[in-house]
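S.K.: File upload_37.csv follows (CSV, C-alpha atoms):
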```
chain,number,residue,atom,x,y,z
G,1,MET,CA,-20.1,73.8,124.2
G,2,SER,CA,-19.6,73.8,120.4
G,3,LYS,CA,-21.9,74.5,117.6
G,4,VAL,CA,-22.1,72.0,114.7
G,5,ILE,CA,-21.5,74.8,112.2
G,6,ASP,CA,-18.3,75.8,114.0
G,7,ILE,CA,-17.2,72.1,114.1
G,8,LEU,CA,-17.7,71.9,110.4
G,9,LYS,CA,-15.8,75.1,109.7
G,10,SER,CA,-12.9,74.3,112.0
G,11,SER,CA,-12.4,70.6,111.3
G,12,LYS,CA,-9.2,69.8,109.4
G,13,ALA,CA,-10.6,66.5,108.0
G,14,PRO,CA,-14.0,64.9,107.3
G,15,PHE,CA,-15.5,63.1,110.3
G,16,ALA,CA,-18.3,60.7,111.1
G,17,SER,CA,-21.4,61.7,113.0
G,18,PHE,CA,-24.3,59.5,114.1
G,19,GLU,CA,-28.0,59.4,114.7
G,20,LEU,CA,-29.7,57.3,117.4
G,21,VAL,CA,-33.3,56.4,118.1
G,22,PRO,CA,-34.1,56.5,121.9
G,23,PRO,CA,-35.2,53.2,123.5
G,24,LEU,CA,-38.8,52.6,124.3
G,25,LYS,CA,-40.3,54.2,127.4
G,26,GLY,CA,-40.1,51.9,130.4
G,27,SER,CA,-36.5,51.0,129.8
G,28,ASP,CA,-33.6,52.6,131.7
G,29,ALA,CA,-30.8,54.7,130.4
G,30,SER,CA,-28.4,51.8,130.1
G,31,LEU,CA,-30.0,50.8,126.8
G,32,LEU,CA,-29.3,54.3,125.5
G,33,TYR,CA,-25.7,54.1,126.8
G,34,ASN,CA,-25.2,50.7,125.2
G,35,SER,CA,-26.0,52.2,121.8
G,36,ILE,CA,-23.6,55.1,122.3
G,37,GLU,CA,-20.7,53.3,123.9
G,38,PRO,CA,-19.4,51.5,120.7
G,39,LEU,CA,-19.4,54.9,118.9
G,40,MET,CA,-17.0,56.4,121.3
G,41,GLU,CA,-14.1,54.7,119.5
G,42,PHE,CA,-14.5,57.2,116.7
G,43,GLN,CA,-14.7,60.3,119.0
G,44,PRO,CA,-17.7,61.8,117.2
G,45,PRO,CA,-18.0,65.5,117.6
G,46,PHE,CA,-21.8,65.3,117.8
G,47,ILE,CA,-24.6,62.7,118.0
G,48,ASN,CA,-28.2,63.4,116.9
G,49,ILE,CA,-31.1,62.1,118.9
G,50,THR,CA,-34.5,61.5,117.1
G,51,CYS,CA,-37.8,62.8,118.5
G,52,HIS,CA,-41.0,60.9,118.3
G,53,ARG,CA,-44.5,62.4,118.5
G,54,ASP,CA,-47.2,60.7,120.6
G,55,GLU,CA,-49.2,58.0,118.9
G,56,VAL,CA,-52.9,57.4,119.0
G,57,GLU,CA,-54.5,54.0,119.5
G,58,TYR,CA,-58.1,53.0,119.7
G,59,VAL,CA,-58.9,50.3,122.3
G,60,SER,CA,-62.2,48.4,121.9
G,61,ASN,CA,-64.6,48.3,124.9
G,62,ALA,CA,-67.0,45.5,125.9
G,63,ASP,CA,-70.0,47.5,124.6
G,64,GLY,CA,-68.6,47.8,121.1
G,65,THR,CA,-67.4,51.4,121.5
G,66,TYR,CA,-63.8,52.5,121.3
G,67,THR,CA,-61.6,54.5,123.6
G,68,LYS,CA,-59.0,56.8,122.1
G,69,LEU,CA,-55.6,56.6,123.9
G,70,THR,CA,-52.7,59.0,123.3
G,71,LEU,CA,-49.4,57.2,124.1
G,72,SER,CA,-45.9,58.4,124.5
G,73,LYS,CA,-43.8,55.4,123.4
G,74,ARG,CA,-40.4,56.8,124.0
G,75,PRO,CA,-38.9,59.1,126.7
G,76,GLY,CA,-39.2,62.8,126.1
G,77,THR,CA,-36.4,64.8,124.5
G,78,ILE,CA,-35.4,66.6,127.7
G,79,ALA,CA,-35.0,63.3,129.6
G,80,ILE,CA,-32.9,61.8,126.8
G,81,VAL,CA,-30.7,64.8,126.4
G,82,GLY,CA,-30.2,65.2,130.1
G,83,ALA,CA,-29.2,61.5,130.5
G,84,ILE,CA,-26.6,61.7,127.7
G,85,MET,CA,-25.2,65.0,128.9
G,86,HIS,CA,-24.8,63.5,132.3
G,87,ARG,CA,-22.8,60.6,131.0
G,88,TYR,CA,-20.9,62.1,128.0
G,89,GLN,CA,-19.6,65.6,128.6
G,90,LYS,CA,-17.3,65.8,125.6
G,91,ILE,CA,-19.9,65.1,122.8
G,92,GLU,CA,-22.4,67.6,121.5
G,93,ILE,CA,-25.9,66.3,121.7
G,94,VAL,CA,-28.2,67.4,118.8
G,95,PRO,CA,-31.8,66.8,119.6
G,96,HIS,CA,-34.4,66.8,116.9
G,97,VAL,CA,-37.3,69.2,117.5
G,98,ILE,CA,-40.4,68.5,115.4
G,99,CYS,CA,-43.5,70.5,114.5
G,100,GLY,CA,-45.8,67.4,114.6
G,101,GLY,CA,-47.9,66.8,117.7
G,102,ALA,CA,-47.2,70.1,119.5
G,103,SER,CA,-48.4,73.7,119.5
G,104,LYS,CA,-46.1,76.7,119.0
G,105,THR,CA,-46.2,77.4,122.7
G,106,GLN,CA,-45.3,73.8,123.6
G,107,ILE,CA,-42.4,73.8,121.1
G,108,GLU,CA,-41.1,77.1,122.4
G,109,SER,CA,-41.2,75.7,126.0
G,110,GLU,CA,-39.2,72.6,124.9
G,111,LEU,CA,-36.6,74.9,123.2
G,112,LEU,CA,-36.3,77.0,126.3
G,113,ASP,CA,-35.9,73.8,128.4
G,114,LEU,CA,-33.0,72.8,126.1
G,115,HIS,CA,-31.5,76.2,126.4
G,116,PHE,CA,-31.8,75.8,130.2
G,117,LEU,CA,-29.8,72.6,130.0
G,118,GLY,CA,-27.1,74.4,127.9
G,119,VAL,CA,-27.9,72.8,124.6
G,120,GLU,CA,-26.7,74.9,121.6
G,121,ASN,CA,-27.6,72.5,118.7
G,122,VAL,CA,-30.9,71.3,117.3
G,123,VAL,CA,-32.3,69.8,114.1
G,124,ALA,CA,-35.6,71.4,113.1
G,125,LEU,CA,-38.0,69.1,111.4
G,126,ARG,CA,-41.7,69.1,110.4
G,127,GLY,CA,-42.1,65.4,111.3
G,128,ASP,CA,-44.3,62.8,109.8
G,129,ALA,CA,-48.0,62.5,109.6
G,130,MET,CA,-49.8,60.6,112.3
G,131,PRO,CA,-50.1,56.8,111.5
G,132,GLY,CA,-53.3,56.5,109.5
G,133,GLN,CA,-53.2,60.1,108.2
G,134,ARG,CA,-52.6,60.6,104.5
G,135,HIS,CA,-51.2,64.1,105.0
G,136,PHE,CA,-49.4,65.9,107.7
G,137,LEU,CA,-51.8,68.0,109.8
G,138,PRO,CA,-50.4,70.6,112.2
G,139,GLU,CA,-51.7,70.9,115.7
G,140,PRO,CA,-54.0,73.8,116.6
G,141,ASN,CA,-51.8,76.9,116.7
G,142,GLY,CA,-48.9,74.7,115.5
G,143,PHE,CA,-46.5,74.9,112.6
G,144,ALA,CA,-47.3,73.4,109.2
G,145,HIS,CA,-43.8,73.7,107.8
G,146,SER,CA,-40.3,73.4,109.3
G,147,ASN,CA,-39.2,76.8,108.0
G,148,GLU,CA,-41.6,78.3,110.4
G,149,LEU,CA,-40.0,76.4,113.2
G,150,VAL,CA,-36.5,77.6,112.1
G,151,ALA,CA,-37.8,81.1,112.1
G,152,MET,CA,-39.0,80.7,115.7
G,153,ILE,CA,-35.6,79.4,116.8
G,154,HIS,CA,-34.0,82.4,115.0
G,155,ASP,CA,-36.3,84.7,117.0
G,156,LEU,CA,-35.4,83.0,120.3
G,157,ASN,CA,-31.7,83.5,119.4
G,158,ASN,CA,-32.5,87.2,119.2
G,159,GLY,CA,-34.3,87.2,122.5
G,160,ILE,CA,-37.8,87.3,121.0
G,161,ALA,CA,-40.4,84.9,122.4
G,162,LEU,CA,-44.1,84.3,121.5
G,163,ASP,CA,-45.1,86.1,124.7
G,164,PRO,CA,-43.8,89.6,124.2
G,165,THR,CA,-43.6,90.1,128.0
G,166,MET,CA,-41.2,87.2,128.4
G,167,LYS,CA,-37.6,88.1,129.2
G,168,ILE,CA,-35.1,85.7,127.7
G,169,GLY,CA,-31.8,86.4,129.2
G,170,PRO,CA,-29.4,85.5,127.9
G,171,ALA,CA,-30.9,84.8,124.5
G,172,THR,CA,-30.8,81.3,123.2
G,173,ASN,CA,-27.8,80.4,121.1
G,174,PHE,CA,-29.0,77.5,118.9
G,175,CYS,CA,-27.2,76.3,115.8
G,176,VAL,CA,-29.9,74.9,113.5
G,177,GLY,CA,-29.7,71.9,111.2
G,178,VAL,CA,-32.4,71.0,108.7
G,179,ALA,CA,-33.2,68.0,106.6
G,180,ALA,CA,-33.0,67.6,102.8
G,181,TYR,CA,-34.0,64.9,100.3
G,182,PRO,CA,-31.6,64.2,97.4
G,183,GLU,CA,-34.4,62.2,95.7
G,184,LYS,CA,-37.0,64.9,96.8
G,185,HIS,CA,-39.6,64.7,99.6
G,186,TYR,CA,-42.4,62.5,98.6
G,187,GLU,CA,-44.9,65.3,99.0
G,188,ALA,CA,-43.0,67.7,96.7
G,189,ALA,CA,-44.2,68.0,93.1
G,190,ASN,CA,-40.6,67.8,91.9
G,191,LEU,CA,-37.0,68.2,93.0
G,192,GLU,CA,-36.8,71.8,92.0
G,193,THR,CA,-39.8,72.7,94.1
G,194,ASP,CA,-38.4,70.7,97.0
G,195,ILE,CA,-35.1,72.7,96.8
G,196,MET,CA,-37.1,75.9,96.8
G,197,TYR,CA,-38.6,74.8,100.1
G,198,LEU,CA,-35.2,73.9,101.4
G,199,LYS,CA,-33.9,77.4,100.5
G,200,GLN,CA,-36.8,78.9,102.6
G,201,LYS,CA,-35.4,76.9,105.6
G,202,VAL,CA,-31.9,78.3,105.0
G,203,GLU,CA,-33.2,81.8,104.6
G,204,ALA,CA,-35.2,81.4,107.8
G,205,GLY,CA,-31.9,80.8,109.7
G,206,ALA,CA,-30.7,77.2,109.1
G,207,ASP,CA,-27.0,76.8,109.5
G,208,TYR,CA,-26.4,73.4,107.8
G,209,ILE,CA,-28.2,70.6,106.1
G,210,ILE,CA,-28.2,66.8,106.7
G,211,THR,CA,-29.7,64.6,103.9
G,212,GLN,CA,-32.1,61.7,104.1
G,213,MET,CA,-30.4,58.4,103.4
G,214,PHE,CA,-29.6,57.5,99.8
G,215,PHE,CA,-27.8,54.6,98.1
G,216,ASP,CA,-26.7,56.2,94.8
G,217,ASN,CA,-24.1,58.9,95.3
G,218,GLN,CA,-24.8,60.4,91.9
G,219,CYS,CA,-28.2,61.5,93.3
G,220,PHE,CA,-26.4,63.3,96.1
G,221,TYR,CA,-23.9,65.0,93.8
G,222,ARG,CA,-26.7,66.2,91.4
G,223,PHE,CA,-28.7,67.4,94.4
G,224,VAL,CA,-25.8,69.4,95.8
G,225,ASP,CA,-25.1,71.0,92.4
G,226,GLN,CA,-28.8,72.0,92.1
G,227,CYS,CA,-28.7,73.5,95.6
G,228,ARG,CA,-25.6,75.6,94.9
G,229,ARG,CA,-27.2,76.9,91.7
G,230,ALA,CA,-30.3,77.8,93.7
G,231,GLY,CA,-28.2,79.9,96.0
G,232,ILE,CA,-28.0,77.5,99.0
G,233,ASP,CA,-24.5,77.9,100.3
G,234,VAL,CA,-24.6,76.2,103.8
G,235,PRO,CA,-22.7,72.9,104.4
G,236,ILE,CA,-24.6,69.8,103.2
G,237,ILE,CA,-23.8,66.6,105.0
G,238,PRO,CA,-24.7,63.3,103.3
G,239,GLY,CA,-26.7,60.8,105.4
G,240,LEU,CA,-26.1,57.1,105.0
G,241,LYS,CA,-27.7,53.9,106.3
G,242,PRO,CA,-26.4,50.4,105.6
G,243,ILE,CA,-29.0,47.8,104.5
G,244,SER,CA,-28.9,45.0,107.0
G,245,SER,CA,-31.7,42.5,105.8
G,246,GLN,CA,-33.5,41.3,102.7
G,247,ARG,CA,-36.7,42.8,104.1
G,248,GLN,CA,-35.3,46.3,103.9
G,249,ILE,CA,-35.0,46.1,100.1
G,250,ASP,CA,-38.8,46.5,100.0
G,251,LEU,CA,-39.3,48.3,103.3
G,252,LEU,CA,-36.9,51.3,102.8
G,253,PRO,CA,-38.3,52.5,99.5
G,254,ARG,CA,-41.9,52.4,100.9
G,255,SER,CA,-41.0,54.0,104.2
G,256,PHE,CA,-38.5,56.7,103.0
G,257,HIS,CA,-39.5,57.0,99.3
G,258,ILE,CA,-36.0,56.3,98.0
G,259,ASP,CA,-34.5,54.2,95.2
G,260,ILE,CA,-32.1,51.3,95.7
G,261,PRO,CA,-29.8,50.9,92.7
G,262,GLN,CA,-30.1,47.6,90.8
G,263,GLU,CA,-26.5,46.8,91.4
G,264,LEU,CA,-27.1,46.9,95.2
G,265,VAL,CA,-30.3,44.9,94.8
G,266,GLY,CA,-28.4,42.3,92.9
G,267,MET,CA,-25.7,42.1,95.6
G,268,LEU,CA,-28.3,41.6,98.2
G,269,ARG,CA,-30.4,39.1,96.3
G,270,ARG,CA,-27.3,36.9,95.7
G,271,ALA,CA,-26.7,36.7,99.4
G,272,LYS,CA,-27.6,33.2,100.6
G,273,THR,CA,-27.6,33.9,104.3
G,274,ALA,CA,-28.6,36.7,106.7
G,275,GLU,CA,-25.0,37.3,107.4
G,276,GLU,CA,-24.1,37.6,103.8
G,277,THR,CA,-26.9,40.1,103.3
G,278,TYR,CA,-25.6,42.0,106.3
G,279,GLN,CA,-22.0,42.1,105.0
G,280,ALA,CA,-23.2,43.1,101.5
G,281,GLY,CA,-24.9,46.2,103.1
G,282,ILE,CA,-21.7,47.0,104.9
G,283,GLU,CA,-19.6,46.6,101.7
G,284,TRP,CA,-21.9,48.9,99.7
G,285,SER,CA,-21.9,51.6,102.4
G,286,ILE,CA,-18.1,51.5,102.7
G,287,GLY,CA,-17.9,52.1,98.9
G,288,GLN,CA,-20.4,55.0,99.2
G,289,SER,CA,-18.4,56.5,102.0
G,290,ARG,CA,-15.1,56.3,100.3
G,291,ASP,CA,-16.5,57.9,97.2
G,292,LEU,CA,-18.2,60.7,99.1
G,293,LEU,CA,-14.9,61.5,100.9
G,294,ARG,CA,-13.1,61.6,97.5
G,295,HIS,CA,-15.6,64.2,96.4
G,296,GLY,CA,-14.8,66.4,99.4
G,297,VAL,CA,-17.9,66.1,101.7
G,298,PRO,CA,-17.3,67.8,105.1
G,299,ALA,CA,-18.7,64.8,107.1
G,300,ILE,CA,-20.8,61.7,106.8
G,301,HIS,CA,-23.8,61.2,109.0
G,302,TYR,CA,-24.8,57.6,109.7
G,303,TYR,CA,-28.3,56.5,110.7
G,304,THR,CA,-27.8,53.7,113.2
G,305,MET,CA,-31.4,53.1,114.3
G,306,ALA,CA,-29.8,52.3,117.7
G,307,LYS,CA,-28.0,49.2,116.1
G,308,THR,CA,-24.4,50.2,115.7
G,309,ALA,CA,-22.3,47.1,114.9
G,310,ASN,CA,-22.5,47.5,111.1
G,311,VAL,CA,-21.9,51.3,111.3
G,312,CYS,CA,-18.9,50.7,113.4
G,313,GLN,CA,-17.4,48.3,110.8
G,314,ILE,CA,-18.0,50.9,108.1
G,315,VAL,CA,-16.5,53.9,110.0
G,316,ARG,CA,-13.5,51.8,111.0
G,317,ALA,CA,-12.8,50.9,107.4
G,318,VAL,CA,-13.3,54.4,106.1
G,319,PHE,CA,-12.0,57.0,108.6
```
As structure tokens, please, write out the structure in this file.
M.R.:
Amino acid sequence: MSKVIDILKSSKAPFASFELVPPLKGSDASLLYNSIEPLMEFQPPFINITCHRDEVEYVSNADGTYTKLTLSKRPGTIAIVGAIMHRYQKIEIVPHVICGGASKTQIESELLDLHFLGVENVVALRGDAMPGQRHFLPEPNGFAHSNELVAMIHDLNNGIALDPTMKIGPATNFCVGVAAYPEKHYEAANLETDIMYLKQKVEAGADYIITQMFFDNQCFYRFVDQCRRAGIDVPIIPGLKPISSQRQIDLLPRSFHIDIPQELVGMLRRAKTAEETYQAGIEWSIGQSRDLLRHGVPAIHYYTMAKTANVCQIVRAVF
């Protein structure tokens, strides 16, 4: 097994890594493998797997009342990781671990299960608010911020569990990645404050950073410069996602609180067909990737959303 931080330090050239969204619950592992298989052409050293908290729905009853249902819409992290490790032994699987929807005890249990499987890499995230909630609310006895989760993982790496009587042997050996936002997290008052929170995650034990998607490389370069001035010295990996439809011009800024440069908007608006839009998104991402590599980034992380055809075209053209 290899830690992401060791891969970054030892790699002689920049590389591509990928992030996948698990299929919906009720499907079989073949859908997951079908998303991964095209990426094997590029021999990625690691693949991230997203984690999704349970969702709440209210179902109306005949008497006018409502029943609250808690639904798990995707397979659990342990099942996903186990399926991938069974099929692909030469790739590091990096599961996301989130604060949302779980208590500290539940999160620790999941981390120890991952340790049991031999996993040595995780990405520690707070996670989003529940649909319908304006603000993130931690579970009872849960974490409100991801730096608290990073600190727990650091404790486990030192053999310290929530239950002081628990013997962890051998201690966990997690390499921890965290998220960052070149255009700031939407809840932060300003970018400087957001970088202060990012530094707290690094000081808690984070080994490297992967950014949210962005479409203007200058935002990323300014962000990295500010991080370095703030004393953040761990590797920072840029995250990219190619736009694939006209709808995403409006959807992505609302969902991820990011800007789309006017030049890119113009390219997309001039596209006369869905295929032209798709190719314009690929062309822009190729240009972004080449510029990032010229500026010496250690790797580029591509958000696939489980649809890999456009990402494959980009990586094939760039690496």
S.K.: What does the structure give for the distance between CA of Arg229 in chain G and CA of Asn147 in chain G, in Å to one decimal?
M.R.: 20.2 Å
S.K.: With only C-alpha atoms counted, which protein, DNA or RNA residues have an atom no more than 12 Å from (-31.5, 48.7, 94.7) in the file frame? Please answer as a ChimeraX atom specification.
M.R.: /G:214-216,243,246,248-253,258-269,281,284
S.K.: Got time to write the residues from that selection, C-alpha atoms, as a short mmCIF file (atom, residue, chain, number, x, y, z; two decimals), in the coordinates of the input?
M.R.:
```
data_model
loop_
_atom_site.label_atom_id
_atom_site.label_comp_id
_atom_site.auth_asym_id
_atom_site.auth_seq_id
_atom_site.Cartn_x
_atom_site.Cartn_y
_atom_site.Cartn_z
CA PHE G 214 -29.60 57.50 99.80
CA PHE G 215 -27.80 54.60 98.10
CA ASP G 216 -26.70 56.20 94.80
CA ILE G 243 -29.00 47.80 104.50
CA GLN G 246 -33.50 41.30 102.70
CA GLN G 248 -35.30 46.30 103.90
CA ILE G 249 -35.00 46.10 100.10
CA ASP G 250 -38.80 46.50 100.00
CA LEU G 251 -39.30 48.30 103.30
CA LEU G 252 -36.90 51.30 102.80
CA PRO G 253 -38.30 52.50 99.50
CA ILE G 258 -36.00 56.30 98.00
CA ASP G 259 -34.50 54.20 95.20
CA ILE G 260 -32.10 51.30 95.70
CA PRO G 261 -29.80 50.90 92.70
CA GLN G 262 -30.10 47.60 90.80
CA GLU G 263 -26.50 46.80 91.40
CA LEU G 264 -27.10 46.90 95.20
CA VAL G 265 -30.30 44.90 94.80
CA GLY G 266 -28.40 42.30 92.90
CA MET G 267 -25.70 42.10 95.60
CA LEU G 268 -28.30 41.60 98.20
CA ARG G 269 -30.40 39.10 96.30
CA GLY G 281 -24.90 46.20 103.10
CA TRP G 284 -21.90 48.90 99.70
#
```
S.K.: Just how far from CA of Met166 in chain G is CA of Ser109 in chain G, in Å to one decimal?
M.R.: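 That distance, rounded to one decimal, is 11.7 Å.
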S.K.: If we count all atoms listed in the file, what is near Leu20 in chain G at a cut-off of 10 Å, once residues fewer than 5 positions away on the same chain are taken out, given as an MDAnalysis selection string?
M.R.: chainID G and resid 32 35:36 47:51 95 302:308
S.K.: Can you measure CA of Ala206 in chain G to CA of Pro44 in chain G for me? One decimal in Å is fine.
M.R.: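 That distance, rounded to one decimal, is 21.7 Å.
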S.K.: Using all atoms listed in the file, which protein or nucleic acid residues come within 9 Å of His145 in chain G? Drop anything in the same chain fewer than 6 positions from it, and give the result as number ranges by chain.
M.R.: G: 99, 125-126, 138
S.K.: Env of Gly177 in chain G: 6 Å cut, atoms = all atoms listed in the file, seq-sep filter 2 positions within chain, self excluded. Answer as an NGL selection string.
M.R.: :G and (123 or 206-209)
S.K.: Excluding range 85-91 of chain G and its own-chain neighbours fewer than 5 positions away, which residues fall within 10 Å of it when counting only C-alpha atoms? Please give them as a list in words.
M.R.: Met1, Ser2, Ala29, Tyr33, Ile36, Glu37, Met40, Gln43, Pro44, Pro45, Phe46, Ile47, Ala79, Ile80, Leu117, Gly118 and Val119 of chain G
S.K.: Those selected residues, please, written with C-alpha atoms and delivered as a short mmCIF file (atom, residue, chain, number, x, y, z; two decimals), keeping the file's coordinate frame.
M.R.:
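Writing the result to again_11.cif gives the following:
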```cif
data_model
loop_
_atom_site.label_atom_id
_atom_site.label_comp_id
_atom_site.auth_asym_id
_atom_site.auth_seq_id
_atom_site.Cartn_x
_atom_site.Cartn_y
_atom_site.Cartn_z
CA MET G 1 -20.10 73.80 124.20
CA SER G 2 -19.60 73.80 120.40
CA ALA G 29 -30.80 54.70 130.40
CA TYR G 33 -25.70 54.10 126.80
CA ILE G 36 -23.60 55.10 122.30
CA GLU G 37 -20.70 53.30 123.90
CA MET G 40 -17.00 56.40 121.30
CA GLN G 43 -14.70 60.30 119.00
CA PRO G 44 -17.70 61.80 117.20
CA PRO G 45 -18.00 65.50 117.60
CA PHE G 46 -21.80 65.30 117.80
CA ILE G 47 -24.60 62.70 118.00
CA ALA G 79 -35.00 63.30 129.60
CA ILE G 80 -32.90 61.80 126.80
CA LEU G 117 -29.80 72.60 130.00
CA GLY G 118 -27.10 74.40 127.90
CA VAL G 119 -27.90 72.80 124.60
#
```
S.K.: Considering all atoms listed in the file, state which residue in the set G:Val176, G:Val318, G:Ile160, G:Ala171 is at the smallest distance from Val202 in chain G.
M.R.: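 Ranked by minimum distance to Val202 in chain G, first place goes to G:Val176.
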S.K.: So, with only C-alpha atoms as the atoms that count, which of G:Ile232, G:Ile237, G:Met130, G:Cys227 lies closest to His52 in chain G?
M.R.: G:Met130
S.K.: Could you pull the residues within 9 Å of Ser146 in chain G, counting all atoms listed in the file, minus those fewer than 3 positions along the same chain, as a list of chain:residue names?
M.R.: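 Returned residues: G:Ile98, G:Cys99, G:Ala124, G:Leu125, G:Arg126, G:Gly127, G:Phe143, G:Leu149, G:Val150, G:Ala151, G:Val178, G:Lys201.
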S.K.: Take the residues from that selection and write them out as a compact mmCIF listing (two decimals), keeping the file's coordinate frame, keeping C-alpha atoms.
M.R.:
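What follows is the written file out_1.txt:
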```txt
# COMPACT_ATOMS: atom_id res chain seq x y z
CA ILE G 98 -40.40 68.50 115.40
CA CYS G 99 -43.50 70.50 114.50
CA ALA G 124 -35.60 71.40 113.10
CA LEU G 125 -38.00 69.10 111.40
CA ARG G 126 -41.70 69.10 110.40
CA GLY G 127 -42.10 65.40 111.30
CA PHE G 143 -46.50 74.90 112.60
CA LEU G 149 -40.00 76.40 113.20
CA VAL G 150 -36.50 77.60 112.10
CA ALA G 151 -37.80 81.10 112.10
CA VAL G 178 -32.40 71.00 108.70
CA LYS G 201 -35.40 76.90 105.60
```
S.K.: Point out the residue among G:Ile84, G:Gly239, G:Arg294, G:Asp63 with the least atom-to-atom distance to Asn34 in chain G, counting all atoms listed in the file.
M.R.: G:Ile84
S.K.: Using all atoms listed in the file, which of G:Cys219, G:Ile78, G:Ala129, G:Val297 sits nearest Glu110 in chain G?
M.R.: G:Ile78
S.K.: Which of these residues is nearest to Glu283 in chain G, using only C-alpha atoms: G:Ser27, G:Thr211, G:Gln226, G:Ser244?
M.R.: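 Between G:Ser27, G:Thr211, G:Gln226, G:Ser244, the residue approaching Glu283 in chain G most closely is G:Ser244.
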